[in-house]
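A quick write-up on the structure given underneath.
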Amino acid sequence: MTIHDQYKNRTWVIRGLIAGIFLLFMIRLLVLQVINKDYAELAKDRTVRKVTVYPDRGQMYDRNGKLIVHNKPIYNLMVIPSQVKDMDTLRFCRMLGIDTIYFQEKLAEAKRYSPLHASVFLPQIEGEEFARMEEYMYEFPGFFPEIRTMRTYPYANAAHLLGYVTEVDSSDIKRSNGYYKGGDYIGKSGFEKSYEEVLRGKKGYRYMVVDAHNRLMGSLANGEKDEAAEAGKNVTLTIDIDLQRFAESLMQGKKGAVVAIEPKTGEILALVSSPAYDPNLLTGSSRTKNYGTLVMDEGRPLNNRALTGYYPPGSQFKALMALVALQEGTLVADQGYPCGGGYRMSGHTVGCHNHVTPSNVVMGIQHSCNAYFCFVLKHFIDDHNANAPEGLEKLKDYLASFGIGVPTGIDLPGEKGGNVPDPEDYDRIYGKGRWKSSNFITLGIGQDQMIVTPLQNANMMATIANRGYYISPHVFKYADGEDSLLQALSVKHYTKVDEQYFDVVTEGLSMVVKAGTARVARIDSIEVCGKTGTAENPHGKDHSQFSGFAPRENPQIAVAVLVENSGFGATWAAPIASLVMEYYLKGSISPSRQYLLDRMRNTNLIGTPTQPVAPEPEEDRNDPDVLVNDTTAIKP
Amino acid sequence: MREPQNIIQRLDKPMLVLYLLMLLVGLMTVFAVNYNEESSRFFNLSQTHGRQMTWMFISLVLGFSMLTFNSNFFTKFSIPFYIIIILLLLVTLAVAREINGARSWLQIGPAQFQPAEFAKTATALMLAKYISSLSNAVKTFRQKMIAAGIILLPMAIIILQEDMGSALVYTSLSLVLYREGFKVREVIIALLFGAGFILSMLVSVQVLLWVLSGVVLLIAAFSSGRLWRKDKPRYLRYWLLFLLSVASFAAGYYLPALRIYLIVLAVLFMAGVWMALRPVAYMRITPVFWLYLALTGFTLYGSSFVMNELLESHQSERVLTLLGLSDDPDANYNVTQSKMTIGSGGFAGKGYLEGTLTQLKHVPEQSTDFIFCTIGEELGFLGTFFFLAIYLAFILRIIHLAERQRSPFTRIYCYSVASIFFIQVMINVGMTIGLLPVIGIPLPFISYGGSSVLAFSIMVFIVLRLDADRLLILR
């Protein structure tokens, strides 16, 4: 049964109504999207801008809580080329202190980068200067300030250690997996680089609605999408900024390095590379100019000699040679060797100087007898080993356990590992199997192809001070929530030499200062242990070196000093090292040593000295460390 | 008679294709809304679009399994289904916690669902059941009241759940009543009831009373032509009403809120349409007129209740904004953002997944209520045009199916479904393009939401199932 459907025609009314409404909507959409551009324009003009909120980079404090690095606000003047309207260019340039050529070039450059996105027009305007121009900024649409921070250093010291911060370059951006964007800052060297992730904090973002006139119209969705920036962590460093300052003052006018370590912790107390520079030079608007000057400087002040300087250790190495030979049993503590002015081999002689014949290890070290340690090396290599390469391998192994020939693992970038020769090195020189201990006999006195950095020297002394272990030297002391970093920095690296052998060597090092080659390093009431070194330098005058630690019992500081091209170890390096020790241990320099302090501070050894070098004290006249070379060189 | 083909062969293919097409569009749009570079994988069930995909899959499985039911199942069970849903709505009203200002979500274990979504289907089935059970078209006042009551009962409960959007959907069923023989003015009353419901959200009681008097004035004016000729004493009260209205109208005119005056004109216009549609012979003021007054009065009074009690202040603000009554830019915010986003699409759009404003979450609630913005921004006018065209084809196809039925039950059910889809699209799209106030209801198949996809799919599959038996007469 079908009911007669008398209202069937009403379907057309309904269909018409529905179609009509849809048609109305389509017309509305046509107007909204195609005909009337108002809303599209509004959308275009009122863009959402993702504004980066830069976190404050972490500040740095020294071990005594003194602020050594902080931030101050600085302004970048940004430009969005598409928004730049007709304006009084001349007035604008005068206000900024730039010329119109700079204006044209910079604007063109920004346009090339992107007409729609902001790029830096004038970087790093300091706060006061900016305040002066700020009130006129509204007259210049398209230009707006971006607040950034700049590193400031209350002490103009420790530039190499602290490192510097620059804008990221394209390779940083590529490497960072999207973290860095153009214009971000990154630690480029030193501590700033190695602790970048601790110091940088976390960038935040604010989504701002901006209108056509570049005015902020408020935040998007009440800021729900915003991500807050997290400030970088404040970090405490191990260095003692006063000691650093003191050591830098001693190194004035000299090329070289000073490294001071607290032996039982491996904490770096001071790390000087000279010539140094004021870290404030590499911040702010004059950074580029200053950087150029520093790069061109003949003294190469940007090099960190403490970590990368390559020098033969010279006689400083004798202590270490004694230790490994004692451990190996090729030397016993009361072993005596004849000297008689040198070590003679068929054909040539390793020279030595006048001193009593060393009848034991202590005397060998005390008088820095070259002949004695040539014998030590010879026996080390020849006694227990089938051939010279095997012996050399063994020596290399021992030395590596002291951080010699391998990097010490300091938490600063760019450290070099120095060099201890391989059997392969001699194979290349003499042919495989055609060399023996006599071919590299001066290795025993820290010459030949042995190379160490000042840091390694200091670390070696710290290891002797600890009687057999070292903790990788480090600069990081504390930051909130970074305990895992600390744990990694407290691992003890034990040497392959047993504790029992250190006493005799320490006695020798003590005698060096008491009655040996470095009597200038004596400090009242403190027993200093150390060893001078005068590294032969084929390019000029010998490098003056000294490394040591103090006090003998419960050592507090180990120091290595190197002064390039300045002569005997006892002349410059030993006094500087002992002054650093005294300053650190006593807090001041005793009046009786004031003359030494003045002499060190006021001597310029670079180029022509501006003042005559003071006469060398009696004990230094006939420096025992000088390697008196025979006319026939050992090396081919 | 030919052997009956199997159910799949008897399905209406265009309808099925349109349905699947819209599911696809919906999924792609939800993906686009939540697209960003970090989560660019499409097959990821933990993402929003992944969950949507899961719900679509469930809907399809459930839908196709429903095709195995006998058509008589739906006629038989429409009454119990309706009763169950009404009970469920009441339970929800009692136990649901408030989410986004409405107490319409029922928590069952870990799952949440909105009984109101399913109530639409139940009401459509119930309405079809009742009207098709009459031996003739809806004629008597009693029959009309029952038919209206079937619609008004769930609607009232949903209003009490403070889910205004879902409640409003039920007014669309007046189109079905019209098709089934209700008089035009009765339907217009119903529509005015809905429109008045929206409009009544506008303003204070005083102004609404003033609007009411304006309506009366118009009625009186229309009647006045008769008043001169005969039965003067009988119409005296209309003259009194007329004078009252003129007085209040004049008072209203000098009110500073001139824009309100325009709204009054709109209301008067609607009333005028109603009067104009009156058959000339039908001179006497019928009970329908009193009903109209009562309903208008109720809705107008109800409006202040709605404005002050039910709607959150920001919702009231949005309504006022739409009507140009508020200068508060925050209230305008959503609509402006929405229009900007759509407008920025231009003719051809910015390209799929290239919607910058979409990705910046420029518009709030963009995966649900404002999802149309994404289509507008990324696909431009071409996209919105074809989208609406597909939707229109879908709705008209359902009506086409309705008209080819032998069984009134199926016809009425199909009309109900078409009307529901129609009003959902109208309110949702109308809101995003600034033609209607912001009322949060989903765009079927497109907006993110499991209950919604499932409920609308079931609705469509019942249409498909019933249509497959279009040669039968179902009771």
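Chain labels run A, B, ... following the order of the structure tokens; each chain numbers its residues from 1, and ligands are numbered from 1 in the order shown.
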
As an NGL selection string, could you give me every residue of chain A near chain B (at most 6 Å apart, counting only C-alpha atoms)?
:A and (10 or 32-34 or 39-40 or 43)

I need the residues of segment 440-635 of chain A that end up classed as strand (DSSP E or B) by DSSP on the backbone, written out as a ChimeraX atom specification.
/A:451-452,469-471,474,476-479,492-494,523,526,529-535,543-550,557-563,629

Find the residues near Tyr61 of chain A: any atom within 12 Å, counting only C-alpha atoms, skip ones fewer than 5 places away on the same chain, and give them as an NGL selection string.
:A and (66-70 or 153-155 or 162 or 233-241 or 475-479)

Export N, CA and C atoms of the chosen residues as a PDB file, in the first residue's frame?
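The file below, again.pdb, is the result:
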```pdb
ATOM      1  N   LYS A  66      84.913  35.001  42.601  1.00  0.00           N
ATOM      2  CA  LYS A  66      84.993  36.327  41.970  1.00  0.00           C
ATOM      3  C   LYS A  66      84.428  36.241  40.555  1.00  0.00           C
ATOM      4  N   LEU A  67      83.596  37.205  40.222  1.00  0.00           N
ATOM      5  CA  LEU A  67      82.974  37.230  38.899  1.00  0.00           C
ATOM      6  C   LEU A  67      84.023  37.550  37.845  1.00  0.00           C
ATOM      7  N   ILE A  68      84.189  36.669  36.882  1.00  0.00           N
ATOM      8  CA  ILE A  68      85.209  36.946  35.863  1.00  0.00           C
ATOM      9  C   ILE A  68      84.631  37.125  34.463  1.00  0.00           C
ATOM     10  N   VAL A  69      83.414  36.603  34.235  1.00  0.00           N
ATOM     11  CA  VAL A  69      82.769  36.832  32.938  1.00  0.00           C
ATOM     12  C   VAL A  69      81.292  37.092  33.174  1.00  0.00           C
ATOM     13  N   HIS A  70      80.793  38.170  32.645  1.00  0.00           N
ATOM     14  CA  HIS A  70      79.347  38.377  32.701  1.00  0.00           C
ATOM     15  C   HIS A  70      78.856  39.025  31.418  1.00  0.00           C
ATOM     16  N   TYR A 153      84.419  41.280  30.597  1.00  0.00           N
ATOM     17  CA  TYR A 153      85.405  40.658  31.480  1.00  0.00           C
ATOM     18  C   TYR A 153      85.941  41.700  32.443  1.00  0.00           C
ATOM     19  N   PRO A 154      85.521  41.649  33.688  1.00  0.00           N
ATOM     20  CA  PRO A 154      86.000  42.628  34.662  1.00  0.00           C
ATOM     21  C   PRO A 154      87.516  42.562  34.811  1.00  0.00           C
ATOM     22  N   TYR A 155      88.077  41.380  34.689  1.00  0.00           N
ATOM     23  CA  TYR A 155      89.539  41.261  34.693  1.00  0.00           C
ATOM     24  C   TYR A 155      89.937  41.055  33.238  1.00  0.00           C
ATOM     25  N   LEU A 162      89.529  31.381  28.845  1.00  0.00           N
ATOM     26  CA  LEU A 162      88.093  31.628  28.776  1.00  0.00           C
ATOM     27  C   LEU A 162      87.571  31.463  27.353  1.00  0.00           C
ATOM     28  N   LYS A 233      73.657  28.290  32.506  1.00  0.00           N
ATOM     29  CA  LYS A 233      74.065  28.088  33.896  1.00  0.00           C
ATOM     30  C   LYS A 233      75.310  28.895  34.233  1.00  0.00           C
ATOM     31  N   ASN A 234      75.316  29.417  35.432  1.00  0.00           N
ATOM     32  CA  ASN A 234      76.521  30.067  35.918  1.00  0.00           C
ATOM     33  C   ASN A 234      77.517  28.989  36.301  1.00  0.00           C
ATOM     34  N   VAL A 235      78.758  29.231  35.943  1.00  0.00           N
ATOM     35  CA  VAL A 235      79.764  28.198  36.145  1.00  0.00           C
ATOM     36  C   VAL A 235      80.890  28.743  37.013  1.00  0.00           C
ATOM     37  N   THR A 236      81.343  27.910  37.920  1.00  0.00           N
ATOM     38  CA  THR A 236      82.529  28.255  38.696  1.00  0.00           C
ATOM     39  C   THR A 236      83.722  27.545  38.062  1.00  0.00           C
ATOM     40  N   LEU A 237      84.783  28.314  37.837  1.00  0.00           N
ATOM     41  CA  LEU A 237      85.979  27.755  37.240  1.00  0.00           C
ATOM     42  C   LEU A 237      87.003  27.444  38.334  1.00  0.00           C
ATOM     43  N   THR A 238      87.961  26.620  37.973  1.00  0.00           N
ATOM     44  CA  THR A 238      88.967  26.237  38.969  1.00  0.00           C
ATOM     45  C   THR A 238      90.052  27.290  39.121  1.00  0.00           C
ATOM     46  N   ILE A 239      90.084  28.227  38.189  1.00  0.00           N
ATOM     47  CA  ILE A 239      91.229  29.142  38.241  1.00  0.00           C
ATOM     48  C   ILE A 239      91.088  30.153  39.373  1.00  0.00           C
ATOM     49  N   ASP A 240      92.242  30.617  39.812  1.00  0.00           N
ATOM     50  CA  ASP A 240      92.317  31.673  40.811  1.00  0.00           C
ATOM     51  C   ASP A 240      92.677  32.921  40.019  1.00  0.00           C
ATOM     52  N   ILE A 241      91.705  33.806  39.866  1.00  0.00           N
ATOM     53  CA  ILE A 241      91.911  34.918  38.935  1.00  0.00           C
ATOM     54  C   ILE A 241      93.062  35.823  39.389  1.00  0.00           C
ATOM     55  N   VAL A 475      89.287  22.812  34.048  1.00  0.00           N
ATOM     56  CA  VAL A 475      88.994  24.193  34.398  1.00  0.00           C
ATOM     57  C   VAL A 475      87.600  24.305  34.998  1.00  0.00           C
ATOM     58  N   PHE A 476      86.779  23.292  34.736  1.00  0.00           N
ATOM     59  CA  PHE A 476      85.406  23.323  35.223  1.00  0.00           C
ATOM     60  C   PHE A 476      85.374  22.907  36.684  1.00  0.00           C
ATOM     61  N   LYS A 477      84.750  23.719  37.531  1.00  0.00           N
ATOM     62  CA  LYS A 477      84.701  23.357  38.944  1.00  0.00           C
ATOM     63  C   LYS A 477      83.284  23.022  39.385  1.00  0.00           C
ATOM     64  N   TYR A 478      82.309  23.885  39.006  1.00  0.00           N
ATOM     65  CA  TYR A 478      80.955  23.611  39.470  1.00  0.00           C
ATOM     66  C   TYR A 478      79.913  24.348  38.612  1.00  0.00           C
ATOM     67  N   ALA A 479      78.809  23.669  38.376  1.00  0.00           N
ATOM     68  CA  ALA A 479      77.619  24.338  37.847  1.00  0.00           C
ATOM     69  C   ALA A 479      76.423  23.547  38.344  1.00  0.00           C
TER      70      ALA A 479
END
```

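Within the 6 Å cut-off around segment 260-275 of chain A, using only C-alpha atoms and omitting residues fewer than 5 positions from it on the same chain, the listed residues are Thr238, Ile239, Asp240, Gln244, Lys255, Pro301, Asn304, Arg305, Ala306, Ala462, Ile471, Ser472, Pro473, His474, Val475, Gln556, Ile557, Ala558 and Val559 of chain A.
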
With N, CA and C atoms kept, could you save the residues just selected as a PDB file, in the first residue's frame?
```
ATOM      1  N   THR A 238      87.961  26.620  37.973  1.00  0.00           N
ATOM      2  CA  THR A 238      88.967  26.237  38.969  1.00  0.00           C
ATOM      3  C   THR A 238      90.052  27.290  39.121  1.00  0.00           C
ATOM      4  N   ILE A 239      90.084  28.227  38.189  1.00  0.00           N
ATOM      5  CA  ILE A 239      91.229  29.142  38.241  1.00  0.00           C
ATOM      6  C   ILE A 239      91.088  30.153  39.373  1.00  0.00           C
ATOM      7  N   ASP A 240      92.242  30.617  39.812  1.00  0.00           N
ATOM      8  CA  ASP A 240      92.317  31.673  40.811  1.00  0.00           C
ATOM      9  C   ASP A 240      92.677  32.921  40.019  1.00  0.00           C
ATOM     10  N   GLN A 244      96.181  34.113  38.318  1.00  0.00           N
ATOM     11  CA  GLN A 244      96.248  34.243  36.874  1.00  0.00           C
ATOM     12  C   GLN A 244      96.814  35.614  36.489  1.00  0.00           C
ATOM     13  N   LYS A 255     107.518  35.706  25.545  1.00  0.00           N
ATOM     14  CA  LYS A 255     106.687  34.685  24.917  1.00  0.00           C
ATOM     15  C   LYS A 255     106.830  33.416  25.730  1.00  0.00           C
ATOM     16  N   PRO A 301      99.447  36.249  19.481  1.00  0.00           N
ATOM     17  CA  PRO A 301      98.799  36.227  20.797  1.00  0.00           C
ATOM     18  C   PRO A 301      97.568  35.309  20.852  1.00  0.00           C
ATOM     19  N   ASN A 304      97.375  29.520  21.889  1.00  0.00           N
ATOM     20  CA  ASN A 304      97.457  29.150  23.289  1.00  0.00           C
ATOM     21  C   ASN A 304      98.676  28.243  23.465  1.00  0.00           C
ATOM     22  N   ARG A 305      99.794  28.883  23.806  1.00  0.00           N
ATOM     23  CA  ARG A 305     101.048  28.131  23.900  1.00  0.00           C
ATOM     24  C   ARG A 305     101.011  27.065  24.999  1.00  0.00           C
ATOM     25  N   ALA A 306     100.214  27.302  26.007  1.00  0.00           N
ATOM     26  CA  ALA A 306     100.172  26.360  27.126  1.00  0.00           C
ATOM     27  C   ALA A 306      99.657  24.991  26.681  1.00  0.00           C
ATOM     28  N   ALA A 462     102.591  17.420  38.621  1.00  0.00           N
ATOM     29  CA  ALA A 462     101.451  17.105  39.492  1.00  0.00           C
ATOM     30  C   ALA A 462     101.430  15.609  39.771  1.00  0.00           C
ATOM     31  N   ILE A 471      94.941  13.451  37.851  1.00  0.00           N
ATOM     32  CA  ILE A 471      93.564  13.638  37.387  1.00  0.00           C
ATOM     33  C   ILE A 471      93.660  14.598  36.223  1.00  0.00           C
ATOM     34  N   SER A 472      92.986  14.280  35.131  1.00  0.00           N
ATOM     35  CA  SER A 472      93.110  15.135  33.947  1.00  0.00           C
ATOM     36  C   SER A 472      92.921  16.591  34.339  1.00  0.00           C
ATOM     37  N   PRO A 473      93.849  17.431  33.951  1.00  0.00           N
ATOM     38  CA  PRO A 473      93.717  18.845  34.304  1.00  0.00           C
ATOM     39  C   PRO A 473      92.400  19.390  33.777  1.00  0.00           C
ATOM     40  N   HIS A 474      91.751  20.218  34.572  1.00  0.00           N
ATOM     41  CA  HIS A 474      90.471  20.756  34.113  1.00  0.00           C
ATOM     42  C   HIS A 474      90.208  22.120  34.699  1.00  0.00           C
ATOM     43  N   VAL A 475      89.287  22.812  34.048  1.00  0.00           N
ATOM     44  CA  VAL A 475      88.994  24.193  34.398  1.00  0.00           C
ATOM     45  C   VAL A 475      87.600  24.305  34.998  1.00  0.00           C
ATOM     46  N   GLN A 556     100.526  21.549  47.131  1.00  0.00           N
ATOM     47  CA  GLN A 556      99.341  22.369  46.846  1.00  0.00           C
ATOM     48  C   GLN A 556      99.319  22.877  45.413  1.00  0.00           C
ATOM     49  N   ILE A 557     100.482  22.963  44.824  1.00  0.00           N
ATOM     50  CA  ILE A 557     100.524  23.547  43.484  1.00  0.00           C
ATOM     51  C   ILE A 557     101.665  22.953  42.670  1.00  0.00           C
ATOM     52  N   ALA A 558     101.358  22.635  41.450  1.00  0.00           N
ATOM     53  CA  ALA A 558     102.400  22.218  40.522  1.00  0.00           C
ATOM     54  C   ALA A 558     102.432  23.238  39.396  1.00  0.00           C
ATOM     55  N   VAL A 559     103.633  23.665  39.032  1.00  0.00           N
ATOM     56  CA  VAL A 559     103.741  24.752  38.052  1.00  0.00           C
ATOM     57  C   VAL A 559     104.738  24.366  36.962  1.00  0.00           C
TER      58      VAL A 559
END
```

Near Gly256 of chain A, counting only C-alpha atoms, which residues have an atom at most 12 Å away, once you skip same-chain residues fewer than 2 positions from it, shown as an mmCIF file with N, CA and C atoms, in the first residue's frame?
```
data_model
loop_
_atom_site.group_PDB
_atom_site.id
_atom_site.type_symbol
_atom_site.label_atom_id
_atom_site.label_comp_id
_atom_site.auth_asym_id
_atom_site.auth_seq_id
_atom_site.Cartn_x
_atom_site.Cartn_y
_atom_site.Cartn_z
ATOM 1 N N ALA A 247 100.470 35.828 37.421
ATOM 2 C CA ALA A 247 101.320 35.091 36.488
ATOM 3 C C ALA A 247 101.417 35.829 35.161
ATOM 4 N N GLU A 248 100.321 36.417 34.726
ATOM 5 C CA GLU A 248 100.349 37.165 33.464
ATOM 6 C C GLU A 248 101.266 38.374 33.580
ATOM 7 N N LEU A 250 103.899 38.543 35.323
ATOM 8 C CA LEU A 250 105.288 38.087 35.248
ATOM 9 C C LEU A 250 105.705 37.791 33.808
ATOM 10 N N MET A 251 104.736 37.406 33.010
ATOM 11 C CA MET A 251 105.044 37.003 31.641
ATOM 12 C C MET A 251 105.030 38.170 30.661
ATOM 13 N N GLN A 252 104.749 39.357 31.198
ATOM 14 C CA GLN A 252 104.734 40.537 30.321
ATOM 15 C C GLN A 252 106.034 40.650 29.547
ATOM 16 N N GLY A 253 105.913 40.914 28.271
ATOM 17 C CA GLY A 253 107.123 41.116 27.475
ATOM 18 C C GLY A 253 107.871 39.830 27.185
ATOM 19 N N LYS A 254 107.217 38.713 27.405
ATOM 20 C CA LYS A 254 107.890 37.441 27.130
ATOM 21 C C LYS A 254 106.929 36.555 26.355
ATOM 22 N N VAL A 258 102.597 29.689 31.282
ATOM 23 C CA VAL A 258 102.636 29.269 32.676
ATOM 24 C C VAL A 258 101.409 28.409 32.918
ATOM 25 N N VAL A 259 101.614 27.237 33.498
ATOM 26 C CA VAL A 259 100.465 26.406 33.858
ATOM 27 C C VAL A 259 100.604 26.032 35.322
ATOM 28 N N LEU A 271 96.458 29.513 33.896
ATOM 29 C CA LEU A 271 96.910 29.023 32.613
ATOM 30 C C LEU A 271 97.180 30.242 31.750
ATOM 31 N N VAL A 272 98.463 30.507 31.583
ATOM 32 C CA VAL A 272 98.851 31.728 30.889
ATOM 33 C C VAL A 272 99.528 31.354 29.588
ATOM 34 N N SER A 273 99.153 32.052 28.547
ATOM 35 C CA SER A 273 99.915 31.978 27.315
ATOM 36 C C SER A 273 100.290 33.409 26.989
ATOM 37 N N SER A 274 101.557 33.591 26.723
ATOM 38 C CA SER A 274 102.012 34.962 26.518
ATOM 39 C C SER A 274 102.663 35.062 25.136
ATOM 40 N N PRO A 275 102.485 36.114 24.390
ATOM 41 C CA PRO A 275 101.716 37.304 24.747
ATOM 42 C C PRO A 275 100.216 37.015 24.853
ATOM 43 N N ALA A 276 99.592 37.666 25.825
ATOM 44 C CA ALA A 276 98.164 37.521 26.031
ATOM 45 C C ALA A 276 97.460 38.732 25.420
ATOM 46 N N GLY A 299 103.718 38.167 17.408
ATOM 47 C CA GLY A 299 103.809 37.359 18.630
ATOM 48 C C GLY A 299 102.729 36.284 18.709
ATOM 49 N N ARG A 300 101.864 36.272 17.745
ATOM 50 C CA ARG A 300 100.747 35.335 17.660
ATOM 51 C C ARG A 300 100.022 35.155 19.009
ATOM 52 N N PRO A 301 99.447 36.249 19.481
ATOM 53 C CA PRO A 301 98.799 36.227 20.797
ATOM 54 C C PRO A 301 97.568 35.309 20.852
ATOM 55 N N ASN A 303 97.445 32.298 19.745
ATOM 56 C CA ASN A 303 97.864 30.922 20.026
ATOM 57 C C ASN A 303 97.865 30.660 21.517
ATOM 58 N N ASN A 304 97.375 29.520 21.889
ATOM 59 C CA ASN A 304 97.457 29.150 23.289
ATOM 60 C C ASN A 304 98.676 28.243 23.465
ATOM 61 N N ARG A 305 99.794 28.883 23.806
ATOM 62 C CA ARG A 305 101.048 28.131 23.900
ATOM 63 C C ARG A 305 101.011 27.065 24.999
ATOM 64 N N ALA A 306 100.214 27.302 26.007
ATOM 65 C CA ALA A 306 100.172 26.360 27.126
ATOM 66 C C ALA A 306 99.657 24.991 26.681
ATOM 67 N N LEU A 307 98.747 24.998 25.711
ATOM 68 C CA LEU A 307 98.141 23.752 25.281
ATOM 69 C C LEU A 307 98.703 23.238 23.963
ATOM 70 N N THR A 308 99.225 24.159 23.175
ATOM 71 C CA THR A 308 99.612 23.751 21.833
ATOM 72 C C THR A 308 101.082 24.019 21.536
ATOM 73 N N GLY A 309 101.765 24.706 22.444
ATOM 74 C CA GLY A 309 103.166 25.012 22.178
ATOM 75 C C GLY A 309 104.013 23.746 22.229
ATOM 76 N N TYR A 310 104.853 23.558 21.203
ATOM 77 C CA TYR A 310 105.663 22.353 21.119
ATOM 78 C C TYR A 310 107.106 22.662 21.490
ATOM 79 N N TYR A 311 107.541 22.109 22.587
ATOM 80 C CA TYR A 311 108.901 22.353 23.035
ATOM 81 C C TYR A 311 109.492 21.036 23.519
ATOM 82 N N THR A 453 104.062 19.754 25.758
ATOM 83 C CA THR A 453 103.478 21.087 25.916
ATOM 84 C C THR A 453 103.696 21.524 27.363
ATOM 85 N N PRO A 454 103.653 22.815 27.628
ATOM 86 C CA PRO A 454 103.780 23.277 29.020
ATOM 87 C C PRO A 454 102.742 22.615 29.933
ATOM 88 N N LEU A 455 101.530 22.390 29.406
ATOM 89 C CA LEU A 455 100.508 21.738 30.209
ATOM 90 C C LEU A 455 100.951 20.336 30.619
ATOM 91 N N HIS A 543 115.007 27.703 24.912
ATOM 92 C CA HIS A 543 113.825 28.015 25.695
ATOM 93 C C HIS A 543 114.122 27.760 27.158
ATOM 94 N N SER A 544 113.820 28.710 27.963
ATOM 95 C CA SER A 544 114.042 28.576 29.401
ATOM 96 C C SER A 544 112.817 27.889 30.018
ATOM 97 N N GLN A 545 113.067 26.792 30.752
ATOM 98 C CA GLN A 545 111.932 26.053 31.307
ATOM 99 C C GLN A 545 112.170 25.673 32.755
ATOM 100 N N PHE A 546 111.078 25.583 33.481
ATOM 101 C CA PHE A 546 111.146 25.053 34.831
ATOM 102 C C PHE A 546 109.784 24.453 35.147
ATOM 103 N N ALA A 560 104.381 24.733 35.737
ATOM 104 C CA ALA A 560 105.354 24.619 34.652
ATOM 105 C C ALA A 560 105.445 25.983 33.982
ATOM 106 N N VAL A 561 106.682 26.403 33.743
ATOM 107 C CA VAL A 561 106.879 27.703 33.096
ATOM 108 C C VAL A 561 107.795 27.514 31.903
ATOM 109 N N LEU A 562 107.461 28.204 30.828
ATOM 110 C CA LEU A 562 108.335 28.189 29.664
ATOM 111 C C LEU A 562 108.465 29.611 29.135
ATOM 112 N N VAL A 563 109.681 30.037 28.954
ATOM 113 C CA VAL A 563 109.900 31.347 28.351
ATOM 114 C C VAL A 563 110.729 31.131 27.100
ATOM 115 N N GLU A 564 110.140 31.486 25.987
ATOM 116 C CA GLU A 564 110.778 31.192 24.701
ATOM 117 C C GLU A 564 112.039 32.014 24.500
ATOM 118 N N ASN A 565 113.023 31.409 23.875
ATOM 119 C CA ASN A 565 114.227 32.089 23.395
ATOM 120 C C ASN A 565 114.866 32.998 24.437
ATOM 121 N N SER A 566 114.918 32.540 25.653
ATOM 122 C CA SER A 566 115.437 33.437 26.669
ATOM 123 C C SER A 566 116.660 32.867 27.381
ATOM 124 N N TRP A 572 114.986 32.566 33.826
ATOM 125 C CA TRP A 572 113.652 33.163 33.755
ATOM 126 C C TRP A 572 112.566 32.233 34.284
ATOM 127 N N ALA A 573 112.556 31.007 33.798
ATOM 128 C CA ALA A 573 111.449 30.124 34.129
ATOM 129 C C ALA A 573 111.418 29.789 35.621
ATOM 130 N N ILE A 576 110.147 32.705 37.816
ATOM 131 C CA ILE A 576 108.711 32.945 37.587
ATOM 132 C C ILE A 576 107.887 31.855 38.284
ATOM 133 N N LEU A 605 111.539 40.550 26.749
ATOM 134 C CA LEU A 605 112.444 39.667 26.015
ATOM 135 C C LEU A 605 112.036 39.506 24.561
ATOM 136 N N ILE A 606 111.001 40.242 24.181
ATOM 137 C CA ILE A 606 110.563 40.130 22.793
ATOM 138 C C ILE A 606 111.251 41.214 21.991
#
```

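One finds atom CA of Asn72 of chain B at 15.1 Å from atom CA of Ile412 of chain B.
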
Could you tell me how far atom CA of Glu117 of chain B sits from atom CA of Leu20 of chain B, in Å to one decimal place?
19.8 Å

Pro389 of chain A surroundings by only C-alpha atoms, 7 Å radius, close-in-sequence under 3 positions cut, as a PDB file with N, CA and C atoms, in the first residue's frame:
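Result saved to around.pdb:
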```
ATOM      1  N   LEU A 392     112.118   0.957  23.241  1.00  0.00           N
ATOM      2  CA  LEU A 392     111.495   2.263  22.987  1.00  0.00           C
ATOM      3  C   LEU A 392     109.980   2.195  23.164  1.00  0.00           C
ATOM      4  N   GLU A 393     109.392   1.107  22.660  1.00  0.00           N
ATOM      5  CA  GLU A 393     107.954   0.879  22.828  1.00  0.00           C
ATOM      6  C   GLU A 393     107.595   0.923  24.315  1.00  0.00           C
ATOM      7  N   PRO A 423     109.168   3.617  17.259  1.00  0.00           N
ATOM      8  CA  PRO A 423     110.180   2.866  16.518  1.00  0.00           C
ATOM      9  C   PRO A 423     110.118   3.172  15.025  1.00  0.00           C
TER      10      PRO A 423
END
```
